[in-house]
file query.cif (mmCIF, N, CA, C and O atoms)
data_entry
#
loop_
_atom_site.label_atom_id
_atom_site.label_comp_id
_atom_site.auth_asym_id
_atom_site.auth_seq_id
_atom_site.Cartn_x
_atom_site.Cartn_y
_atom_site.Cartn_z
N MET A 178 -12.83 -36.72 9.09
CA MET A 178 -12.54 -35.38 9.57
C MET A 178 -11.22 -34.91 8.97
O MET A 178 -10.31 -35.69 8.80
N MET A 179 -11.13 -33.62 8.69
CA MET A 179 -9.96 -33.05 8.02
C MET A 179 -9.11 -32.25 8.99
O MET A 179 -8.80 -31.09 8.76
N ALA A 180 -8.68 -32.85 10.04
CA ALA A 180 -7.87 -32.15 11.03
C ALA A 180 -6.49 -31.86 10.45
O ALA A 180 -5.91 -32.67 9.76
N GLY A 181 -5.99 -30.69 10.74
CA GLY A 181 -4.65 -30.32 10.32
C GLY A 181 -4.56 -29.66 8.95
O GLY A 181 -3.51 -29.17 8.59
N LEU A 182 -5.63 -29.67 8.18
CA LEU A 182 -5.59 -29.01 6.88
C LEU A 182 -5.80 -27.51 7.05
O LEU A 182 -6.62 -27.07 7.85
N VAL A 183 -5.06 -26.76 6.29
CA VAL A 183 -5.18 -25.31 6.33
C VAL A 183 -5.74 -24.85 4.99
O VAL A 183 -5.19 -25.15 3.94
N PHE A 184 -6.86 -24.15 5.02
CA PHE A 184 -7.46 -23.63 3.81
C PHE A 184 -7.09 -22.16 3.70
O PHE A 184 -7.34 -21.37 4.61
N ARG A 185 -6.48 -21.81 2.59
CA ARG A 185 -6.06 -20.43 2.39
C ARG A 185 -7.05 -19.71 1.50
O ARG A 185 -7.59 -20.28 0.56
N LYS A 186 -7.23 -18.46 1.80
CA LYS A 186 -8.11 -17.62 1.00
C LYS A 186 -7.46 -17.39 -0.37
O LYS A 186 -6.27 -17.13 -0.46
N GLN A 187 -8.25 -17.50 -1.40
CA GLN A 187 -7.75 -17.23 -2.74
C GLN A 187 -7.51 -15.73 -2.89
O GLN A 187 -8.25 -14.92 -2.34
N PRO A 188 -6.48 -15.35 -3.64
CA PRO A 188 -6.23 -13.92 -3.82
C PRO A 188 -7.40 -13.25 -4.53
O PRO A 188 -8.07 -13.87 -5.35
N GLY A 189 -7.62 -11.99 -4.24
CA GLY A 189 -8.74 -11.26 -4.80
C GLY A 189 -8.43 -10.56 -6.10
O GLY A 189 -9.24 -9.83 -6.63
N ARG A 190 -7.25 -10.76 -6.64
CA ARG A 190 -6.88 -10.09 -7.87
C ARG A 190 -6.33 -11.12 -8.86
O ARG A 190 -5.91 -12.19 -8.45
N PRO A 191 -6.33 -10.78 -10.13
CA PRO A 191 -5.75 -11.71 -11.11
C PRO A 191 -4.25 -11.87 -10.89
O PRO A 191 -3.57 -10.92 -10.49
N ALA A 192 -3.73 -13.03 -11.17
CA ALA A 192 -2.30 -13.28 -11.00
C ALA A 192 -1.49 -12.61 -12.10
O ALA A 192 -0.34 -12.27 -11.91
N LYS A 193 -2.08 -12.43 -13.26
CA LYS A 193 -1.40 -11.81 -14.38
C LYS A 193 -2.30 -10.76 -15.01
O LYS A 193 -3.51 -10.74 -14.79
N LYS A 194 -1.68 -9.91 -15.82
CA LYS A 194 -2.48 -8.90 -16.53
C LYS A 194 -3.51 -9.60 -17.39
O LYS A 194 -3.19 -10.50 -18.15
N PRO A 195 -4.75 -9.15 -17.33
CA PRO A 195 -5.80 -9.80 -18.13
C PRO A 195 -5.82 -9.34 -19.58
O PRO A 195 -6.60 -9.87 -20.37
N ILE A 196 -4.97 -8.37 -19.95
CA ILE A 196 -4.94 -7.87 -21.33
C ILE A 196 -3.50 -7.75 -21.80
O ILE A 196 -2.56 -7.80 -21.00
N SER A 197 -3.31 -7.57 -23.10
CA SER A 197 -1.97 -7.45 -23.66
C SER A 197 -1.35 -6.10 -23.32
O SER A 197 -2.05 -5.15 -22.94
N ASP A 198 -0.04 -6.02 -23.48
CA ASP A 198 0.67 -4.76 -23.20
C ASP A 198 0.16 -3.63 -24.08
O ASP A 198 -0.07 -2.51 -23.61
N ASP A 199 -0.03 -3.91 -25.37
CA ASP A 199 -0.50 -2.88 -26.30
C ASP A 199 -1.89 -2.37 -25.91
O ASP A 199 -2.16 -1.17 -25.96
N GLU A 200 -2.77 -3.30 -25.55
CA GLU A 200 -4.12 -2.91 -25.14
C GLU A 200 -4.09 -2.05 -23.88
O GLU A 200 -4.82 -1.06 -23.77
N LEU A 201 -3.23 -2.44 -22.94
CA LEU A 201 -3.14 -1.67 -21.70
C LEU A 201 -2.62 -0.27 -21.95
O LEU A 201 -3.16 0.71 -21.43
N LEU A 202 -1.58 -0.14 -22.76
CA LEU A 202 -1.05 1.19 -23.06
C LEU A 202 -2.08 2.06 -23.77
O LEU A 202 -2.18 3.26 -23.51
N GLU A 203 -2.85 1.47 -24.67
CA GLU A 203 -3.91 2.22 -25.36
C GLU A 203 -4.98 2.69 -24.37
O GLU A 203 -5.42 3.83 -24.40
N LEU A 204 -5.39 1.80 -23.47
CA LEU A 204 -6.36 2.20 -22.44
C LEU A 204 -5.81 3.32 -21.57
O LEU A 204 -6.52 4.27 -21.23
N TYR A 205 -4.51 3.21 -21.22
CA TYR A 205 -3.89 4.18 -20.33
C TYR A 205 -3.79 5.56 -20.97
O TYR A 205 -3.73 6.57 -20.28
N ARG A 206 -3.77 5.61 -22.30
CA ARG A 206 -3.76 6.90 -23.00
C ARG A 206 -5.09 7.63 -22.84
O ARG A 206 -5.14 8.85 -22.91
N ASN A 207 -6.16 6.86 -22.68
CA ASN A 207 -7.50 7.46 -22.67
C ASN A 207 -8.22 7.40 -21.33
O ASN A 207 -9.28 8.00 -21.18
N HIS A 208 -7.67 6.65 -20.38
CA HIS A 208 -8.32 6.47 -19.08
C HIS A 208 -7.30 6.61 -17.96
O HIS A 208 -6.11 6.41 -18.17
N THR A 209 -7.78 6.89 -16.77
CA THR A 209 -6.90 6.96 -15.60
C THR A 209 -6.64 5.56 -15.08
O THR A 209 -7.36 4.60 -15.40
N ALA A 210 -5.61 5.44 -14.25
CA ALA A 210 -5.31 4.15 -13.62
C ALA A 210 -6.49 3.68 -12.77
O ALA A 210 -6.80 2.49 -12.72
N THR A 211 -7.17 4.62 -12.14
CA THR A 211 -8.33 4.28 -11.31
C THR A 211 -9.45 3.69 -12.16
O THR A 211 -10.09 2.70 -11.76
N GLU A 212 -9.69 4.27 -13.32
CA GLU A 212 -10.74 3.75 -14.21
C GLU A 212 -10.41 2.35 -14.72
O GLU A 212 -11.26 1.46 -14.74
N ILE A 213 -9.16 2.16 -15.12
CA ILE A 213 -8.73 0.84 -15.62
C ILE A 213 -8.78 -0.18 -14.49
O ILE A 213 -9.21 -1.32 -14.69
N ALA A 214 -8.36 0.23 -13.30
CA ALA A 214 -8.39 -0.68 -12.15
C ALA A 214 -9.81 -1.16 -11.88
O ALA A 214 -10.04 -2.35 -11.61
N ALA A 215 -10.78 -0.27 -11.99
CA ALA A 215 -12.18 -0.65 -11.78
C ALA A 215 -12.65 -1.64 -12.84
O ALA A 215 -13.42 -2.56 -12.55
N MET A 216 -12.16 -1.49 -14.07
CA MET A 216 -12.54 -2.41 -15.15
C MET A 216 -12.08 -3.84 -14.89
O MET A 216 -12.75 -4.79 -15.27
N TYR A 217 -10.89 -3.96 -14.26
CA TYR A 217 -10.29 -5.28 -14.09
C TYR A 217 -10.25 -5.78 -12.64
O TYR A 217 -9.69 -6.83 -12.36
N GLY A 218 -10.82 -5.02 -11.73
CA GLY A 218 -10.91 -5.47 -10.35
C GLY A 218 -9.58 -5.52 -9.61
O GLY A 218 -9.35 -6.42 -8.80
N VAL A 219 -8.70 -4.56 -9.93
CA VAL A 219 -7.41 -4.48 -9.25
C VAL A 219 -7.25 -3.07 -8.68
O VAL A 219 -8.06 -2.19 -8.93
N LYS A 220 -6.18 -2.86 -7.94
CA LYS A 220 -5.90 -1.55 -7.37
C LYS A 220 -5.26 -0.65 -8.43
O LYS A 220 -4.56 -1.14 -9.33
N PRO A 221 -5.49 0.67 -8.34
CA PRO A 221 -4.84 1.59 -9.28
C PRO A 221 -3.31 1.45 -9.28
O PRO A 221 -2.68 1.56 -10.33
N SER A 222 -2.73 1.17 -8.13
CA SER A 222 -1.27 1.01 -8.08
C SER A 222 -0.81 -0.20 -8.89
O SER A 222 0.29 -0.19 -9.44
N THR A 223 -1.65 -1.21 -9.00
CA THR A 223 -1.32 -2.37 -9.81
C THR A 223 -1.27 -1.98 -11.29
O THR A 223 -0.34 -2.37 -12.01
N VAL A 224 -2.24 -1.19 -11.72
CA VAL A 224 -2.26 -0.73 -13.11
C VAL A 224 -1.02 0.11 -13.40
O VAL A 224 -0.35 -0.07 -14.42
N ARG A 225 -0.69 1.02 -12.48
CA ARG A 225 0.50 1.86 -12.68
C ARG A 225 1.77 1.02 -12.73
O ARG A 225 2.68 1.29 -13.52
N SER A 226 1.82 -0.04 -11.94
CA SER A 226 2.96 -0.95 -11.95
C SER A 226 3.07 -1.67 -13.29
O SER A 226 4.17 -1.79 -13.85
N TRP A 227 1.95 -2.16 -13.81
CA TRP A 227 1.94 -2.82 -15.12
C TRP A 227 2.48 -1.87 -16.19
O TRP A 227 3.34 -2.23 -16.98
N VAL A 228 1.97 -0.63 -16.19
CA VAL A 228 2.37 0.34 -17.20
C VAL A 228 3.86 0.68 -17.06
O VAL A 228 4.59 0.75 -18.06
N SER A 229 4.31 0.85 -15.85
CA SER A 229 5.72 1.16 -15.60
C SER A 229 6.63 0.05 -16.13
O SER A 229 7.64 0.32 -16.79
N LYS A 230 6.27 -1.19 -15.87
CA LYS A 230 7.08 -2.32 -16.34
C LYS A 230 7.10 -2.39 -17.87
O LYS A 230 8.14 -2.66 -18.47
N ILE A 231 5.96 -2.14 -18.50
CA ILE A 231 5.89 -2.16 -19.96
C ILE A 231 6.77 -1.06 -20.53
O ILE A 231 7.54 -1.29 -21.48
N ARG A 232 6.70 0.13 -19.96
CA ARG A 232 7.50 1.25 -20.46
C ARG A 232 8.99 0.98 -20.32
O ARG A 232 9.78 1.35 -21.20
N LYS A 233 9.41 0.35 -19.23
CA LYS A 233 10.83 0.03 -19.04
C LYS A 233 11.30 -0.93 -20.12
O LYS A 233 12.40 -0.78 -20.66
N VAL A 234 10.49 -1.92 -20.46
CA VAL A 234 10.85 -2.88 -21.51
C VAL A 234 10.94 -2.18 -22.85
O VAL A 234 11.88 -2.40 -23.62
N VAL A 235 9.98 -1.32 -23.15
CA VAL A 235 9.97 -0.59 -24.43
C VAL A 235 11.19 0.30 -24.53
O VAL A 235 11.86 0.36 -25.57
N GLU A 236 11.52 1.02 -23.45
CA GLU A 236 12.69 1.90 -23.46
C GLU A 236 13.97 1.10 -23.62
O GLU A 236 14.88 1.51 -24.33
N ALA A 237 14.07 -0.06 -22.98
CA ALA A 237 15.26 -0.89 -23.10
C ALA A 237 15.41 -1.42 -24.53
O ALA A 237 16.52 -1.45 -25.06
N ASP A 238 14.30 -1.79 -25.13
CA ASP A 238 14.34 -2.28 -26.51
C ASP A 238 14.72 -1.16 -27.49
O ASP A 238 15.43 -1.38 -28.45
N ALA A 239 14.26 0.05 -27.22
CA ALA A 239 14.55 1.19 -28.09
C ALA A 239 16.02 1.60 -27.98
O ALA A 239 16.59 2.11 -28.94
N GLY A 240 16.62 1.37 -26.84
CA GLY A 240 18.00 1.76 -26.61
C GLY A 240 19.02 0.81 -27.22
O GLY A 240 20.19 1.12 -27.31
N GLN A 241 18.58 -0.31 -27.70
CA GLN A 241 19.53 -1.30 -28.25
C GLN A 241 19.75 -1.12 -29.72
O GLN A 241 19.08 -0.66 -30.50
#

call {"tool": "encode", "arguments": {"input": "query.cif", "output": "structure tokens"}}
result
Amino acid sequence: MMAGLVFRKQPGRPAKKPISDDELLELYRNHTATEIAAMYGVKPSTVRSWVSKIRKVVEADAGQ
């Protein structure tokens, strides 16, 4: 018997972006966050967060 063990539900979303930054930005130029979210099984806010983080890195690199 397995008394005392706690089984946790696995998260329902990927732990990391399933595509590269360049691919995501290209998709975002032609599709909405909602459409991309449906493609990858995540929430639209997750897609917007990914894009926001990529843009911050690009802007920081451009400023140097």

call {"tool": "atom_distance", "arguments": {"input": "query.cif", "atom1": "CA of Tyr205 in chain A", "atom2": "CA of Val235 in chain A"}}
result
15.2 Å

call {"tool": "atom_distance", "arguments": {"input": "query.cif", "atom1": "CA of Val219 in chain A", "atom2": "CA of Asp238 in chain A"}}
result
27.9 Å

call {"tool": "residues_around", "arguments": {"input": "query.cif", "residues": "Arg232 in chain A", "least_positions_apart": "4", "cutoff": "12 Å", "atoms": "only C-alpha atoms", "output": "NGL selection string"}}
result
:A and (198-199 or 201-202 or 205 or 225-228 or 236-239)

call {"tool": "atom_distance", "arguments": {"input": "query.cif", "atom1": "atom O of Lys233 in chain A", "atom2": "CA of Gly218 in chain A"}}
result
25.9 Å

call {"tool": "axis_aligned_box", "arguments": {"input": "query.cif", "around": "range 203-219 of chain A", "padding_each_side": "4 Å", "output": "JSON"}}
result
{"center_x": -8.1, "center_y": 1.0, "center_z": -17.0, "size_x": 18.6, "size_y": 23.7, "size_z": 24.7}

call {"tool": "resolve_selection", "arguments": {"input": "query.cif", "expression": "the PyMOL selection byres (((chain A and resi 213 and name CA) around 12) and name CA)", "output": "ChimeraX atom specification"}}
result
/A:194-196,200-212,214-225,227-228

call {"tool": "select_by_dssp", "arguments": {"input": "query.cif", "residues": "range 188-238 of chain A", "states": "alpha helix (DSSP H)", "output": "ChimeraX atom specification"}}
result
/A:198-207,210-217,221-238
